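**Student:** Have a peek at input.txt (compact mmCIF, C-alpha atoms and all ligand atoms).
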```txt
# COMPACT_ATOMS: atom_id res chain seq x y z
CA MET R 29 119.57 145.06 -66.51
CA LEU R 30 119.46 142.18 -69.02
CA GLU R 31 116.98 140.25 -66.86
CA GLN R 32 114.85 143.37 -66.46
CA ILE R 33 114.76 143.91 -70.22
CA GLN R 34 113.84 140.27 -70.78
CA LYS R 35 111.08 140.56 -68.17
CA PHE R 36 109.28 142.96 -70.53
CA LEU R 37 109.62 140.62 -73.53
CA PRO R 38 107.37 137.64 -74.26
CA ASP R 39 109.06 134.32 -73.36
CA ASP R 40 109.06 133.34 -77.01
CA HIS R 41 110.30 136.63 -78.47
CA PRO R 42 112.65 135.59 -81.31
CA TRP R 43 115.37 138.08 -80.28
CA ARG R 44 115.16 137.39 -76.53
CA GLU R 45 118.27 135.23 -76.26
CA GLN R 46 120.24 137.40 -78.68
CA ILE R 47 120.50 140.41 -76.37
CA GLN R 48 123.89 141.27 -74.94
CA TYR R 49 124.26 143.92 -72.24
CA TYR R 50 127.33 146.06 -71.51
CA ASP R 51 127.91 148.38 -68.59
CA VAL R 52 130.44 150.35 -70.68
CA ILE R 53 131.16 150.02 -74.39
CA SER R 54 132.86 152.19 -77.02
CA SER R 55 129.85 152.29 -79.33
CA THR R 56 127.13 149.65 -79.69
CA ASN R 57 127.07 150.33 -83.45
CA ASP R 58 130.85 149.85 -83.79
CA VAL R 59 130.97 146.66 -81.73
CA LEU R 60 127.93 145.22 -83.48
CA LYS R 61 129.55 146.00 -86.84
CA GLU R 62 132.59 143.94 -85.80
CA MET R 63 130.26 141.13 -84.71
CA ALA R 64 128.41 141.34 -88.03
CA ASN R 65 131.71 140.93 -89.85
CA GLN R 66 132.40 137.86 -87.68
CA GLY R 67 129.06 136.31 -88.67
CA ALA R 68 126.62 137.45 -85.96
CA LEU R 69 123.03 136.58 -86.77
CA HIS R 70 119.97 138.60 -87.71
CA GLY R 71 118.34 139.90 -84.54
CA LYS R 72 121.50 140.33 -82.46
CA VAL R 73 120.95 143.21 -80.03
CA LEU R 74 123.52 145.14 -78.01
CA VAL R 75 122.39 147.36 -75.14
CA ALA R 76 124.70 149.57 -73.09
CA ASN R 77 124.50 151.64 -69.94
CA GLN R 78 127.25 153.98 -71.18
CA GLN R 79 129.22 154.61 -74.38
CA THR R 80 132.66 156.19 -74.50
CA GLY R 81 132.58 156.76 -78.26
CA GLY R 82 128.90 157.14 -79.14
CA ARG R 83 128.49 158.32 -82.73
CA GLY R 84 125.76 160.33 -84.41
CA ARG R 85 124.93 161.26 -87.96
CA LEU R 86 127.25 163.33 -90.15
CA GLY R 87 130.31 162.36 -88.10
CA ARG R 88 129.03 163.94 -84.90
CA SER R 89 129.48 162.40 -81.47
CA PHE R 90 126.54 161.28 -79.33
CA LEU R 91 126.82 161.98 -75.61
CA SER R 92 126.20 158.71 -73.82
CA PRO R 93 126.58 159.08 -70.05
CA SER R 94 125.99 156.20 -67.63
CA ASP R 95 122.77 155.41 -65.75
CA VAL R 96 120.52 157.92 -67.54
CA GLY R 97 120.18 156.70 -71.11
CA ILE R 98 119.70 153.62 -73.26
CA TYR R 99 122.15 152.95 -76.08
CA LEU R 100 120.96 150.10 -78.24
CA SER R 101 121.85 148.61 -81.62
CA VAL R 102 120.12 145.88 -83.61
CA LEU R 103 121.60 143.80 -86.42
CA LEU R 104 119.42 142.87 -89.39
CA ARG R 105 120.35 140.81 -92.42
CA PRO R 106 117.69 141.59 -95.03
CA ASN R 107 118.13 139.85 -98.36
CA CYS R 108 117.94 142.84 -100.70
CA ALA R 109 119.76 145.56 -102.59
CA PRO R 110 120.70 148.76 -100.74
CA SER R 111 118.33 150.71 -103.01
CA GLU R 112 115.43 148.86 -101.33
CA LEU R 113 116.35 150.36 -97.98
CA MET R 114 116.13 154.08 -98.69
CA HIS R 115 113.32 154.28 -96.13
CA LEU R 116 115.23 152.41 -93.41
CA THR R 117 115.92 155.39 -91.14
CA CYS R 118 112.29 156.54 -91.47
CA ALA R 119 111.06 153.06 -90.53
CA ALA R 120 113.38 152.97 -87.52
CA ALA R 121 112.26 156.44 -86.37
CA LEU R 122 108.64 155.37 -86.59
CA GLY R 123 109.41 152.25 -84.57
CA ALA R 124 111.19 154.39 -81.98
CA CYS R 125 108.10 156.62 -81.60
CA ASP R 126 105.90 153.55 -81.11
CA ALA R 127 108.30 152.17 -78.51
CA ILE R 128 108.58 155.42 -76.56
CA GLU R 129 104.82 155.84 -76.57
CA LYS R 130 104.36 152.30 -75.21
CA ALA R 131 106.99 152.81 -72.51
CA THR R 132 105.94 156.30 -71.37
CA GLY R 133 102.42 157.01 -72.61
CA PHE R 134 103.76 160.03 -74.50
CA ARG R 135 104.00 159.97 -78.31
CA PRO R 136 107.01 161.89 -79.61
CA GLY R 137 107.37 163.46 -83.06
CA ILE R 138 110.15 163.05 -85.59
CA LYS R 139 112.43 165.81 -86.78
CA TRP R 140 113.40 164.66 -90.27
CA THR R 141 115.07 162.28 -90.57
CA ASN R 142 116.31 160.68 -87.44
CA ASP R 143 115.70 162.82 -84.36
CA ILE R 144 112.98 161.89 -81.91
CA VAL R 145 111.53 165.02 -80.40
CA CYS R 146 109.16 165.88 -77.55
CA HIS R 147 108.08 169.50 -76.96
CA ARG R 148 110.80 170.71 -79.38
CA LYS R 149 113.49 168.86 -77.41
CA LYS R 150 115.55 166.03 -78.86
CA VAL R 151 115.12 162.96 -76.66
CA ALA R 152 116.65 160.35 -78.97
CA GLY R 153 118.76 160.01 -82.11
CA ILE R 154 119.07 157.18 -84.61
CA LEU R 155 122.07 156.11 -86.65
CA THR R 156 121.47 153.46 -89.32
CA GLU R 157 124.40 151.89 -91.13
CA ILE R 158 124.48 149.43 -94.02
CA GLY R 159 127.29 147.03 -94.96
CA LEU R 160 127.47 145.55 -98.46
CA ASN R 161 128.84 142.21 -99.62
CA GLN R 162 131.08 141.58 -102.63
CA VAL R 163 128.17 141.62 -105.07
CA GLN R 164 126.94 144.93 -103.67
CA LYS R 165 123.91 143.42 -101.93
CA VAL R 166 123.12 144.16 -98.30
CA ASP R 167 125.31 142.13 -95.95
CA TYR R 168 124.03 143.75 -92.76
CA VAL R 169 122.01 146.64 -91.43
CA ILE R 170 122.66 148.18 -88.05
CA ILE R 171 120.05 150.35 -86.39
CA GLY R 172 121.50 152.25 -83.44
CA ILE R 173 119.47 154.42 -81.12
CA GLY R 174 120.39 156.50 -78.11
CA VAL R 175 117.55 157.61 -75.84
CA ASN R 176 117.86 160.25 -73.14
CA CYS R 177 115.74 158.74 -70.41
CA CYS R 178 116.40 160.17 -66.97
CA GLN R 179 118.51 163.30 -67.38
CA SER R 180 117.51 166.59 -65.81
CA LEU R 181 118.27 169.81 -67.69
CA GLU R 182 121.49 170.43 -65.76
CA ASP R 183 122.84 167.05 -66.86
CA PHE R 184 123.20 168.35 -70.43
CA PRO R 185 126.12 170.57 -71.42
CA GLU R 186 125.01 174.19 -71.50
CA GLU R 187 125.45 174.55 -75.26
CA ILE R 188 122.78 171.92 -75.99
CA ARG R 189 120.33 172.68 -73.18
CA SER R 190 118.01 174.70 -75.39
CA PHE R 191 117.24 171.69 -77.60
CA ALA R 192 118.12 168.58 -75.56
CA GLY R 193 115.63 166.82 -73.33
CA SER R 194 114.94 163.51 -71.69
CA LEU R 195 111.84 161.35 -71.39
CA SER R 196 111.60 162.06 -67.66
CA MET R 197 111.83 165.83 -68.24
CA VAL R 198 109.12 165.69 -70.86
CA THR R 199 106.70 163.35 -69.11
CA GLY R 200 107.39 164.31 -65.50
CA LYS R 201 107.48 160.57 -64.78
CA THR R 202 110.14 158.16 -63.61
CA ILE R 203 111.38 156.28 -66.66
CA ASP R 204 112.15 152.57 -66.54
CA ARG R 205 115.11 152.25 -68.91
CA ALA R 206 114.70 148.47 -69.17
CA ARG R 207 111.12 148.99 -70.36
CA VAL R 208 112.30 151.52 -72.95
CA ALA R 209 114.92 149.06 -74.21
CA ALA R 210 112.40 146.21 -74.35
CA GLU R 211 109.84 148.30 -76.25
CA LEU R 212 112.55 149.34 -78.72
CA ILE R 213 113.47 145.71 -79.30
CA LYS R 214 109.81 144.79 -79.87
CA ALA R 215 109.24 147.76 -82.18
CA PHE R 216 112.34 147.07 -84.29
CA TYR R 217 111.30 143.43 -84.55
CA GLN R 218 107.87 144.49 -85.86
CA MET R 219 109.48 147.02 -88.18
CA ASP R 220 111.71 144.33 -89.65
CA LEU R 221 108.71 142.13 -90.45
CA CYS R 222 107.28 144.69 -92.88
CA LEU R 223 110.37 146.68 -93.87
CA LEU R 224 110.60 145.37 -97.44
CA THR R 225 106.90 144.85 -98.11
CA GLU R 226 105.20 147.95 -96.69
CA LYS R 227 107.39 150.86 -97.72
CA GLU R 228 104.45 153.02 -98.79
CA ARG R 229 102.55 152.55 -95.53
CA ILE R 230 105.68 153.18 -93.49
CA LEU R 231 106.46 156.47 -95.27
CA LYS R 232 102.85 157.61 -94.94
CA ALA R 233 102.90 156.94 -91.20
CA TYR R 234 106.33 158.58 -90.97
CA SER R 235 104.97 161.72 -92.67
CA LYS R 236 102.14 161.88 -90.13
CA ASN R 237 104.66 161.87 -87.29
CA CYS R 238 107.18 164.18 -88.92
CA ILE R 239 107.04 167.61 -87.27
CA THR R 240 109.34 169.13 -89.91
CA LEU R 241 106.64 169.13 -92.60
CA GLY R 242 105.05 172.50 -93.22
CA GLN R 243 107.84 174.26 -91.37
CA THR R 244 110.29 176.91 -92.47
CA VAL R 245 113.66 175.17 -92.59
CA SER R 246 117.31 175.95 -93.15
CA VAL R 247 119.09 173.28 -95.17
CA VAL R 248 122.77 173.15 -94.31
CA ARG R 249 125.08 171.45 -96.80
CA ALA R 250 128.81 171.86 -96.04
CA GLU R 251 129.24 175.65 -95.91
CA THR R 252 126.00 176.55 -97.69
CA VAL R 253 122.72 177.38 -95.95
CA ARG R 254 119.50 177.63 -97.96
CA HIS R 255 116.08 178.52 -96.64
CA GLY R 256 112.71 177.14 -97.63
CA THR R 257 109.57 175.31 -96.57
CA ALA R 258 109.46 171.55 -95.99
CA LEU R 259 106.69 170.18 -98.19
CA GLN R 260 106.63 166.40 -98.00
CA ILE R 261 108.54 163.14 -97.68
CA ASP R 262 109.21 161.52 -101.05
CA ASP R 263 109.13 157.81 -101.97
CA ASP R 264 112.67 157.35 -100.70
CA GLY R 265 112.25 159.17 -97.41
CA ALA R 266 113.98 162.33 -98.69
CA LEU R 267 112.63 165.74 -97.62
CA VAL R 268 111.08 167.79 -100.42
CA VAL R 269 111.78 171.48 -99.84
CA ALA R 270 110.45 174.55 -101.67
CA PHE R 271 113.38 176.96 -101.50
CA THR R 272 112.97 180.73 -101.40
CA ASP R 273 114.63 180.99 -104.84
CA GLY R 274 111.63 179.13 -106.30
CA SER R 275 113.31 175.74 -106.77
CA ILE R 276 111.88 172.55 -105.32
CA GLU R 277 114.34 169.82 -104.38
CA ALA R 278 114.38 166.55 -102.50
CA VAL R 279 117.19 166.69 -99.95
CA ASN R 280 118.87 163.52 -98.80
CA SER R 281 119.66 162.90 -95.14
CA GLY R 282 123.19 161.67 -95.85
CA GLU R 283 124.39 165.09 -96.91
CA VAL R 284 122.42 167.79 -95.14
CA SER R 285 121.19 168.84 -91.75
CA VAL R 286 117.92 170.71 -91.41
CA ARG R 287 117.17 173.36 -88.85
CA GLY R 288 113.80 174.82 -88.09
CA LEU R 289 112.60 178.17 -86.85
CA TYR R 290 113.78 177.56 -83.31
CA ASN R 291 117.30 176.85 -84.53
CA TYR R 292 116.67 173.15 -83.98
CA VAL R 293 113.14 171.91 -84.76
C1 LIG P 301 122.19 161.24 -84.02
O1 LIG P 301 121.58 161.87 -83.15
O2 LIG P 301 122.78 161.81 -84.97
C2 LIG P 301 122.20 159.75 -83.94
C3 LIG P 301 122.65 159.26 -82.61
C4 LIG P 301 122.71 157.75 -82.55
C5 LIG P 301 123.26 157.27 -81.23
C6 LIG P 301 123.17 155.78 -81.06
S1 LIG P 301 123.52 155.29 -79.42
C7 LIG P 301 123.59 153.62 -79.90
C8 LIG P 301 124.32 153.62 -81.21
N1 LIG P 301 125.76 153.60 -81.01
C9 LIG P 301 126.33 154.71 -81.50
O3 LIG P 301 127.55 154.96 -81.45
N2 LIG P 301 125.41 155.50 -82.04
C10 LIG P 301 124.09 154.95 -81.93
```
Could the structure of this file be written out as structure tokens, please?
**Tutor:**
Amino acid sequence: MLEQIQKFLPDDHPWREQIQYYDVISSTNDVLKEMANQGALHGKVLVANQQTGGRGRLGRSFLSPSDVGIYLSVLLRPNCAPSELMHLTCAAALGACDAIEKATGFRPGIKWTNDIVCHRKKVAGILTEIGLNQVQKVDYVIIGIGVNCCQSLEDFPEEIRSFAGSLSMVTGKTIDRARVAAELIKAFYQMDLCLLTEKERILKAYSKNCITLGQTVSVVRAETVRHGTALQIDDDGALVVAFTDGSIEAVNSGEVSVRGLYNYV
């Protein structure tokens, strides 16, 4: 698989020799975090065929079966304060859409903040994590993405079938997982080049791709559910919602999940 991924990268791609492939791993994010703490360099990439402890946002697990998905994490070491990276997950989601479009010809949308969606089905999820150093600056950033590539509907547990999908289900095509991985690596490399300098452009492009905007949404925070309409993405990548009680608030992805009319999007 590693050779196949490299085949889709230019010979001089700066991250080409930094890719490490695993047949089975606990979680590419967890292992890369350990490597980051041991001094791994900017641009280190882990790719796995299967994860036994794949993690999602808000403490959820991420199903990561063998041979049908791509589980990939990238390590970045931007020299900045964490407050400069509020748009990180949005930037990564945008990069993921670009990559999937290049690999499949189909452009997905984004369910705020970090779900990649095709025809109302989640085909990929992103988990970004930031580590700080002793002076509270960014030590490392890990961008982890899991893409459902080749599953058929029956491959998903029944309870998630109504909102889970794969790239092959959506496109009707055979998906080359190595190509998907290579396009993700290229897209995250490009994203990194402009992450700190083009925040405004990134959030504008994110908004264009975000299918949540304009929708009726349920905002779930701990035990509380509030209903409203998603208005826009603010300067930090938060979702601005007009609630039915008349209040307008920016909700932050770290604390809430958002559900749409169809109970998912
Ligand atoms: C989500 O849907 O909430 C995010 C899912 C993120 C899954 C990816 S798979 C590669 C990386 N390793 C993990 O344990 N999680 C991320």
**Student:** From the set R:Gly137, R:Gly265, R:Gly242, R:Gly174, which residue has the shortest atom-to-atom contact distance to ligand LIG 301 (chain P), counting all atoms listed in the file?
**Tutor:** R:Gly174
**Student:** Using only C-alpha atoms for the distances, tell me which of R:Val208, R:Ile276, R:Leu224, R:Val175 is nearest to R:Lys150.
**Tutor:**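 Nearest candidate to R:Lys150 out of R:Val208, R:Ile276, R:Leu224, R:Val175: R:Val175.
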**Student:** Quick one: of R:Asp143, R:Glu112, R:Asp126, R:Asp263, who's nearest to ligand LIG 301 (chain P), counting all atoms listed in the file?
**Tutor:**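 Ranked by minimum distance to ligand LIG 301 (chain P), first place goes to R:Asp143.
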**Student:** Select, from R:Gly87, R:Gly153, R:Gly256, R:Pro38, the residue with the minimum atom-to-atom distance to ligand LIG 301 (chain P), counting all atoms listed in the file.
**Tutor:**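 Closest to ligand LIG 301 (chain P), using all atoms listed in the file: R:Gly153.
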**Student:** Considering only C-alpha atoms, state which residue in the set R:Lys149, R:Lys236, R:Lys227, R:Lys214 is at the smallest distance from R:Gly193.
**Tutor:**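 Under the stated criterion, the closest residue is R:Lys149.
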